[in-house]
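First comes the structure, then the notes that go with it.
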Amino acid sequence: MSNSRGSFWRKADFHIHTPLSYLNNEFGQDFDTYVQTMLRKAIETKVNIIGITDYFSIDGYKKLKTEYLEKPEKLKTLFIDEEIRKINSMLILPNIEFRINKIIQINKYKDGEKIGTESGRVNFHIIFSNEVSIKTIEENFLHDIHFIYEADPTEPDKMQRLKIDNLIKLGQRLKNEQPDLKGTDVVVGMNNAVVDDQQVCKLLSENKDFKDKYLIVVPVDEDLSEISWKSQEHLTRKVILQRAQAFFSSNRNTVEFGLGQKHPSLDSFEREFKTLKPCIWGSDAHSFGGLFEPKNKNYCWIKSELTFNGVRQILFEPEDRVYIGEQPALFTKIYAARGNYIDSIEINQIENYSEGKGVWFKNFDLQIGLELTAIIGNKGKGKSAIADIIALLGNAHVPAKDFSFLNASKFCQKGFAENFIGRLKWFDKNENTKLLNEGVDFTDVSRVKYIPQTYLEKLCNDENSGFKDEINKVVFSRLEESDKLGKQSFEELEEYLTNLVNQEIAIILTKIDSINKSILQLNNRQKKEYVLSIENNKKLKEQEMDIHEQEKEKIIVVQNPENDPNISKEQKELFNSATKLEEDIRIIENQILAEHNKLRLLKIELSEHKNFLSSIENLENSLNEWLSGHDDYFQKYKLVATTIFSYKSDKATINRLIRETEQKIAASENTLSAKTISTETGVELGLTSKLTHLTNMKLKIEYDLNKPLKEYQDYLLKEREWNTRAKEIIGDELTENTLKYYEAELTYVKNQLPIDINEKLDQRKKLIQEVYNRKKHIQGIYDKMKQAISNILMEFAIEQNISIETSFKIDRLFFSKFFDFVNRYGDFYQNGDDYLSNLVNNQDFNSEEDVQRFLKSLEDSNIRFKEGRELDFHNYIYSLGYLNPEYELRLNGKSLNQLSPGEKGGLLLVFYLVLDKDDKPLIIDQPEDNLDNQSVAEILVPYIKKAKKRRQIIMVTHNPNLAIVADAEQVIYMNIDKEDNYAVSFDSGGIENAVMNKHIVNILEGRMKAFENRRVKYTKM
């Protein structure tokens, strides 16, 4: 049972020379010293992969391997046991450096700046697998390579096999011919020998012993993105680059060039250069001081198991499997968040368990990969069991019914789970231990996020809000902490902001209600029926006045008989008394009329005082309620409410005005009284009593008058009564049912009413604008959410076109509620629903102007209101209560309610993988179940590859293709052997691991052949 954490970042130096490189050798000739110093420096610098490099040979690698690495006794003379253990764990590879027969112009740089160009030959590196024998490399490769020894114009070129002896022979001949050549024979030979890269590649490709056991690496000292392709060497350079599987370079631009990132597309790069070219690097050390210390700390890191096959994975994942720099970001992340990375899981039987219910988990100890771990296996072989157990031990807040293995109908039935104990170990050295029958503690912290298969299915098939709620959680996690306002969930924040806004809107709606009442009253005065009724009433009053004028003509004028000599003195005195009483009566009547007006105004004044007092009391109650509602705030920040907010109301003044007005009303009523009233100066009669008294006195006097005087008095009475009635008919502008009132009303309706209506409409429009702007404050939180995730969606989800939109939406109940107020007549007759839909659909409610335009279109419609519902309708329509800001996720143009369960599952997984800000381990059980192969490749894989860079992911899958295409760093193959009393076992390692490769191929061959992947192909062959 293999137990490997799989692929993780290993420090590599592919370019370490030996004393047998001959050229530029500064190591000296003591190979013991070289081996001891080099390997100790590798241990010290934590280098795990070393490319032992020599020119045209593997002599240095051969000596290191055969005389040291394969000789334990020799190693013991140079190293201590711990050092030997670390040396034996290293991957040491042969790297042969050739100089080929091509000359190209090479850009030269100093301190990052180009300083010129010069001609030079190209070096060509072949890094072999350590599994290829030295003999095979020498006899079937190196010694089959020929270099030109000399030429003759009349004969074929003379060639020599690439052997050190032949290079020495070449050096000797050249030195004899040119005595100025300096250096040993082998150095001169190596400096001048060149090989044909075409022959090198042919030997490698045609020999099955070398298949997938080598890397062709071309050193690139220049910035390839700045290369001019207009020279005559265009094809020469291109063919060299095409033959390369990788580049030796640490230049950032060259790295991006090799990954196709400088080209218009990856396809165009691959058409031109055949494959993507990962960049690797090394120190190119020729001296002890340069060992494993590349310039600018440009260390080379390879993510793999310590095998050549692992290193070779850089060809399939050239961007994700190699890094050049001080250290990969993952190291910093893990160090900073050790508590969010699982180290291992242990499961064992409790003491005295008899194994009567099966062996199951016995001494089960599994290391967990640092990035993506894929758990594979055949059906019923324990894949979901491990996911459930990790979730339980990590206290994932998932209901027990959603666990597929640890549930009451399976492993948690009596006799099973209670006999096993699990321990989850973390990189921060903490541990979580539980019996497997224990439940999740929802009051404790959840250290892992678990998405069981049943939970995902339930969310995606739920017609209610479960899916949207889960999306909301992820979106909320992306908000800046300062924007969360201390709230713990999307719903809590939304409710908090909505309540604040609704309190402000409620005040505005009170004003709108008042204005709506005024507008309805004004509109009623503008209606034709009303105007016609006023005109008719005016005509009636005019007719009434005409008739009254005719009545005046019937009054016979009687001359004042006061100067008639036939009237006695006594009669004259009585007449004068009656005349005086008539004048007094007129004065009293005017006083009564004035007093009635005064009393009317006083009662209005009293009502206003009482209403104002009531509004003060209501305001006080509201303020006290508001203060009580913020008790938590005042207590939290140790504040005294009255020092933050205080107010002063002078109700005593209003109460005094009420009392004074009530006294004035009582006095006025007494003045008008028909009773005798007491005053400070004595007893007085009320005006009505006075009028009665004076009238009775006048009647008595008139009774004693002679006929001429009585007739004159009767005439005066009729004239006075006519005048009084004329005044009643003519009236004034404020007295209803009078001619002047109707005239004034018609003048008002014609001239001032439209102005007043427009003024009220403008006031209402401004209030509606305030309501809309307040609602936009709620939209602001959605905009912040959009801003928080849009950049991430743009970066990671552009291929799937996942977008978030914030907008105002009409409540779906609006259409039914509308007809609670409106009869289906007028414009809403028969096709009323369509008419209303058109009004709604023709407007963009994200624009305040369009909202006002929508309201105006309703105003202009022929609406027949249900009895008594017109005001209710206007309060509903102008409250904008049916118009609310929402945010909506869309996948490829589809809204959430248009998505299939599979699309929902893909979207939710994308959110968990890319947007969820939580960086605790994410465990997903069979995410591909609702997705077809294409969706797995297009939706799931890209986001898994992004997410694993920032959090540990454990994924259960019955489709090993998902592990392959997502480049899982660790694959765990689970098995439950029912024949061996249900013993649980596993193998684990990287995709490149031979054991894991076999498991993957077996599953693919047995169940699914939809995918063919290069990394599986070569194993099968």
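Identifiers in the structure tokens: chain A, B, ... in order shown; residue index from 1 per chain; ligand index from 1 in order shown.
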Selection: 8 Å around stretch 276-285 of chain A, only C-alpha atoms, excl. self and same-chain fewer than 5 positions, as a VMD selection string: chain A and resid 12 to 17 244 to 250 255 258 to 260 269 to 270 290 to 295 298 to 300 314 to 315 318 to 319 322 to 324
Alpha helix (DSSP H) positions in stretch 630-796 of chain A, given as an MDAnalysis selection string: chainID A and resid 631:636 641:644 651:672 687:704 707:730 739:747 753:796
Pick from A:Asn624, A:Asn3, A:Ser228, A:Ser807, whichever lies nearest to A:Ser985 using only C-alpha atoms: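 Nearest to A:Ser985: A:Asn3.
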Length of the atom CA of A:Tyr530 to atom CA of A:Ala726 vector [Å]: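 Pair atom CA of A:Tyr530 / atom CA of A:Ala726 returns 25.5 Å.
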Selection near A:His596, 12 Å with only C-alpha atoms, sequence-local residues under 6 positions removed, as number ranges by chain: A: 589-590, 602-603, 665, 667-673, 687-688
Straight-line distance linking atom CA of A:Tyr748 with atom CA of A:Ile729, stated in Å to one decimal: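 Between atom CA of A:Tyr748 and atom CA of A:Ile729 the gap works out to 19.8 Å.
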Nearby residues (only C-alpha atoms) at most 7 Å from stretch 178-187 of chain A, same-chain spacing under 5 positions excluded, as a PyMOL selection string: chain A and resi 22-23+167-168+171-172
Per-residue DSSP, stretch 367-478 of chain A, filtered to strand (DSSP E or B), as a list of chain:residue names: A:Gln367, A:Leu372, A:Thr373, A:Ala374, A:Ile375, A:Ile376, A:Phe420, A:Ile421, A:Gly422, A:Arg423, A:Leu424, A:Lys425, A:Trp426, A:Glu431, A:Asn432, A:Thr433, A:Lys434, A:Leu435, A:Lys449, A:Tyr450, A:Ile451
Store the residues of this selection in a file with N, CA and C atoms, as a PDB file, in the first residue's frame.
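Contents of the output file selection.pdb:
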```
ATOM      1  N   GLN A 367      -1.666  10.256   4.226  1.00  0.00           N
ATOM      2  CA  GLN A 367      -1.243  11.641   4.032  1.00  0.00           C
ATOM      3  C   GLN A 367      -2.131  12.301   2.974  1.00  0.00           C
ATOM      4  N   LEU A 372      -4.782  19.670  -4.937  1.00  0.00           N
ATOM      5  CA  LEU A 372      -5.955  18.889  -5.319  1.00  0.00           C
ATOM      6  C   LEU A 372      -5.694  17.403  -5.085  1.00  0.00           C
ATOM      7  N   THR A 373      -6.531  16.825  -4.247  1.00  0.00           N
ATOM      8  CA  THR A 373      -6.492  15.389  -4.016  1.00  0.00           C
ATOM      9  C   THR A 373      -7.750  14.783  -4.616  1.00  0.00           C
ATOM     10  N   ALA A 374      -7.577  13.807  -5.510  1.00  0.00           N
ATOM     11  CA  ALA A 374      -8.710  13.128  -6.133  1.00  0.00           C
ATOM     12  C   ALA A 374      -8.800  11.719  -5.567  1.00  0.00           C
ATOM     13  N   ILE A 375      -9.958  11.379  -5.008  1.00  0.00           N
ATOM     14  CA  ILE A 375     -10.179  10.045  -4.458  1.00  0.00           C
ATOM     15  C   ILE A 375     -10.957   9.246  -5.498  1.00  0.00           C
ATOM     16  N   ILE A 376     -10.350   8.174  -5.997  1.00  0.00           N
ATOM     17  CA  ILE A 376     -10.976   7.379  -7.052  1.00  0.00           C
ATOM     18  C   ILE A 376     -11.166   5.952  -6.570  1.00  0.00           C
ATOM     19  N   PHE A 420     -14.950   2.581  15.760  1.00  0.00           N
ATOM     20  CA  PHE A 420     -13.822   3.156  15.036  1.00  0.00           C
ATOM     21  C   PHE A 420     -13.627   4.609  15.457  1.00  0.00           C
ATOM     22  N   ILE A 421     -12.369   4.971  15.556  1.00  0.00           N
ATOM     23  CA  ILE A 421     -12.015   6.333  15.970  1.00  0.00           C
ATOM     24  C   ILE A 421     -11.142   6.964  14.880  1.00  0.00           C
ATOM     25  N   GLY A 422     -11.417   8.224  14.596  1.00  0.00           N
ATOM     26  CA  GLY A 422     -10.657   8.932  13.568  1.00  0.00           C
ATOM     27  C   GLY A 422      -9.903  10.111  14.145  1.00  0.00           C
ATOM     28  N   ARG A 423      -8.779  10.401  13.538  1.00  0.00           N
ATOM     29  CA  ARG A 423      -7.974  11.547  13.980  1.00  0.00           C
ATOM     30  C   ARG A 423      -7.537  12.329  12.742  1.00  0.00           C
ATOM     31  N   LEU A 424      -7.879  13.598  12.728  1.00  0.00           N
ATOM     32  CA  LEU A 424      -7.497  14.478  11.621  1.00  0.00           C
ATOM     33  C   LEU A 424      -6.357  15.371  12.104  1.00  0.00           C
ATOM     34  N   LYS A 425      -5.219  15.282  11.422  1.00  0.00           N
ATOM     35  CA  LYS A 425      -4.045  16.065  11.818  1.00  0.00           C
ATOM     36  C   LYS A 425      -3.863  17.240  10.861  1.00  0.00           C
ATOM     37  N   TRP A 426      -3.499  18.366  11.426  1.00  0.00           N
ATOM     38  CA  TRP A 426      -3.319  19.593  10.652  1.00  0.00           C
ATOM     39  C   TRP A 426      -1.863  20.023  10.683  1.00  0.00           C
ATOM     40  N   GLU A 431      -5.092  18.626  16.296  1.00  0.00           N
ATOM     41  CA  GLU A 431      -5.724  17.381  15.892  1.00  0.00           C
ATOM     42  C   GLU A 431      -7.201  17.417  16.272  1.00  0.00           C
ATOM     43  N   ASN A 432      -8.029  16.738  15.483  1.00  0.00           N
ATOM     44  CA  ASN A 432      -9.442  16.560  15.796  1.00  0.00           C
ATOM     45  C   ASN A 432      -9.723  15.068  15.858  1.00  0.00           C
ATOM     46  N   THR A 433     -10.246  14.615  16.984  1.00  0.00           N
ATOM     47  CA  THR A 433     -10.474  13.191  17.193  1.00  0.00           C
ATOM     48  C   THR A 433     -11.945  12.946  17.530  1.00  0.00           C
ATOM     49  N   LYS A 434     -12.524  11.932  16.901  1.00  0.00           N
ATOM     50  CA  LYS A 434     -13.918  11.581  17.167  1.00  0.00           C
ATOM     51  C   LYS A 434     -14.137  10.099  16.910  1.00  0.00           C
ATOM     52  N   LEU A 435     -15.099   9.533  17.632  1.00  0.00           N
ATOM     53  CA  LEU A 435     -15.639   8.250  17.222  1.00  0.00           C
ATOM     54  C   LEU A 435     -16.486   8.492  15.984  1.00  0.00           C
ATOM     55  N   LYS A 449     -15.085  22.640   4.613  1.00  0.00           N
ATOM     56  CA  LYS A 449     -16.327  22.837   3.862  1.00  0.00           C
ATOM     57  C   LYS A 449     -16.595  21.554   3.100  1.00  0.00           C
ATOM     58  N   TYR A 450     -17.809  20.999   3.289  1.00  0.00           N
ATOM     59  CA  TYR A 450     -18.137  19.721   2.664  1.00  0.00           C
ATOM     60  C   TYR A 450     -19.371  19.883   1.783  1.00  0.00           C
ATOM     61  N   ILE A 451     -19.257  19.405   0.549  1.00  0.00           N
ATOM     62  CA  ILE A 451     -20.408  19.399  -0.362  1.00  0.00           C
ATOM     63  C   ILE A 451     -20.688  17.949  -0.724  1.00  0.00           C
TER      64      ILE A 451
END
```
12 Å contact set for A:Lys917, only C-alpha atoms, chain neighbours under 5 positions out, as a list in words: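 Selected residues are Lys449, Lys473, Val474, Val475, Phe476, Ser477, Arg478, Leu479, Glu480, Glu481, Ala788, Ile789, Ile792, Phe911, Tyr912, Leu922, Ala947, Arg950 and Arg951 of chain A.
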Shell around A:Leu522 at 12 Å using only C-alpha atoms, local window under 4 positions removed, as an MDAnalysis selection string: chainID A and resid 515:518 526:527 530:531 745 748:749 752:761
With C-alpha atoms retained, export the selected residues as a short mmCIF file (atom, residue, chain, number, x, y, z; two decimals), in the first residue's frame.
```cif
data_model
loop_
_atom_site.label_atom_id
_atom_site.label_comp_id
_atom_site.auth_asym_id
_atom_site.auth_seq_id
_atom_site.Cartn_x
_atom_site.Cartn_y
_atom_site.Cartn_z
CA ILE A 515 -50.25 64.96 -1.68
CA ASN A 516 -52.25 62.15 -3.31
CA LYS A 517 -55.30 63.22 -1.34
CA SER A 518 -54.78 66.81 -2.44
CA GLN A 526 -61.03 69.59 -12.83
CA LYS A 527 -63.44 66.94 -14.02
CA TYR A 530 -67.61 68.97 -11.49
CA VAL A 531 -67.11 72.03 -13.71
CA GLU A 745 -64.56 78.50 -8.27
CA TYR A 748 -59.98 79.14 -10.05
CA VAL A 749 -60.65 75.99 -12.08
CA GLN A 752 -55.27 78.52 -10.98
CA LEU A 753 -56.29 74.87 -10.69
CA PRO A 754 -53.90 73.57 -13.43
CA ILE A 755 -51.06 75.47 -11.76
CA ASP A 756 -51.90 73.99 -8.36
CA ILE A 757 -52.19 70.48 -9.80
CA ASN A 758 -48.83 70.79 -11.55
CA GLU A 759 -47.30 72.09 -8.36
CA LYS A 760 -48.59 69.08 -6.44
CA LEU A 761 -47.46 66.76 -9.24
#
```
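The spacing separating atom CA of A:Phe427 from atom CA of A:Pro921 amounts to 12.3 Å.
Counting only C-alpha atoms and comparing A:Val914, A:Asn24, A:Leu306, A:Asp844, the residue that lies closest to A:Asn191 is A:Asn24.
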Shell of 9 Å around A:Gln29, only C-alpha atoms, local chain residues under 4 positions omitted, as a PyMOL selection string: chain A and resi 19-20+25+33-34
Given only C-alpha atoms as the counted atoms, nearest of A:Val311, A:Leu839, A:Gln242, A:Gly339 to A:Asn130: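 Of A:Val311, A:Leu839, A:Gln242, A:Gly339, the one nearest A:Asn130, counting only C-alpha atoms, is A:Val311.
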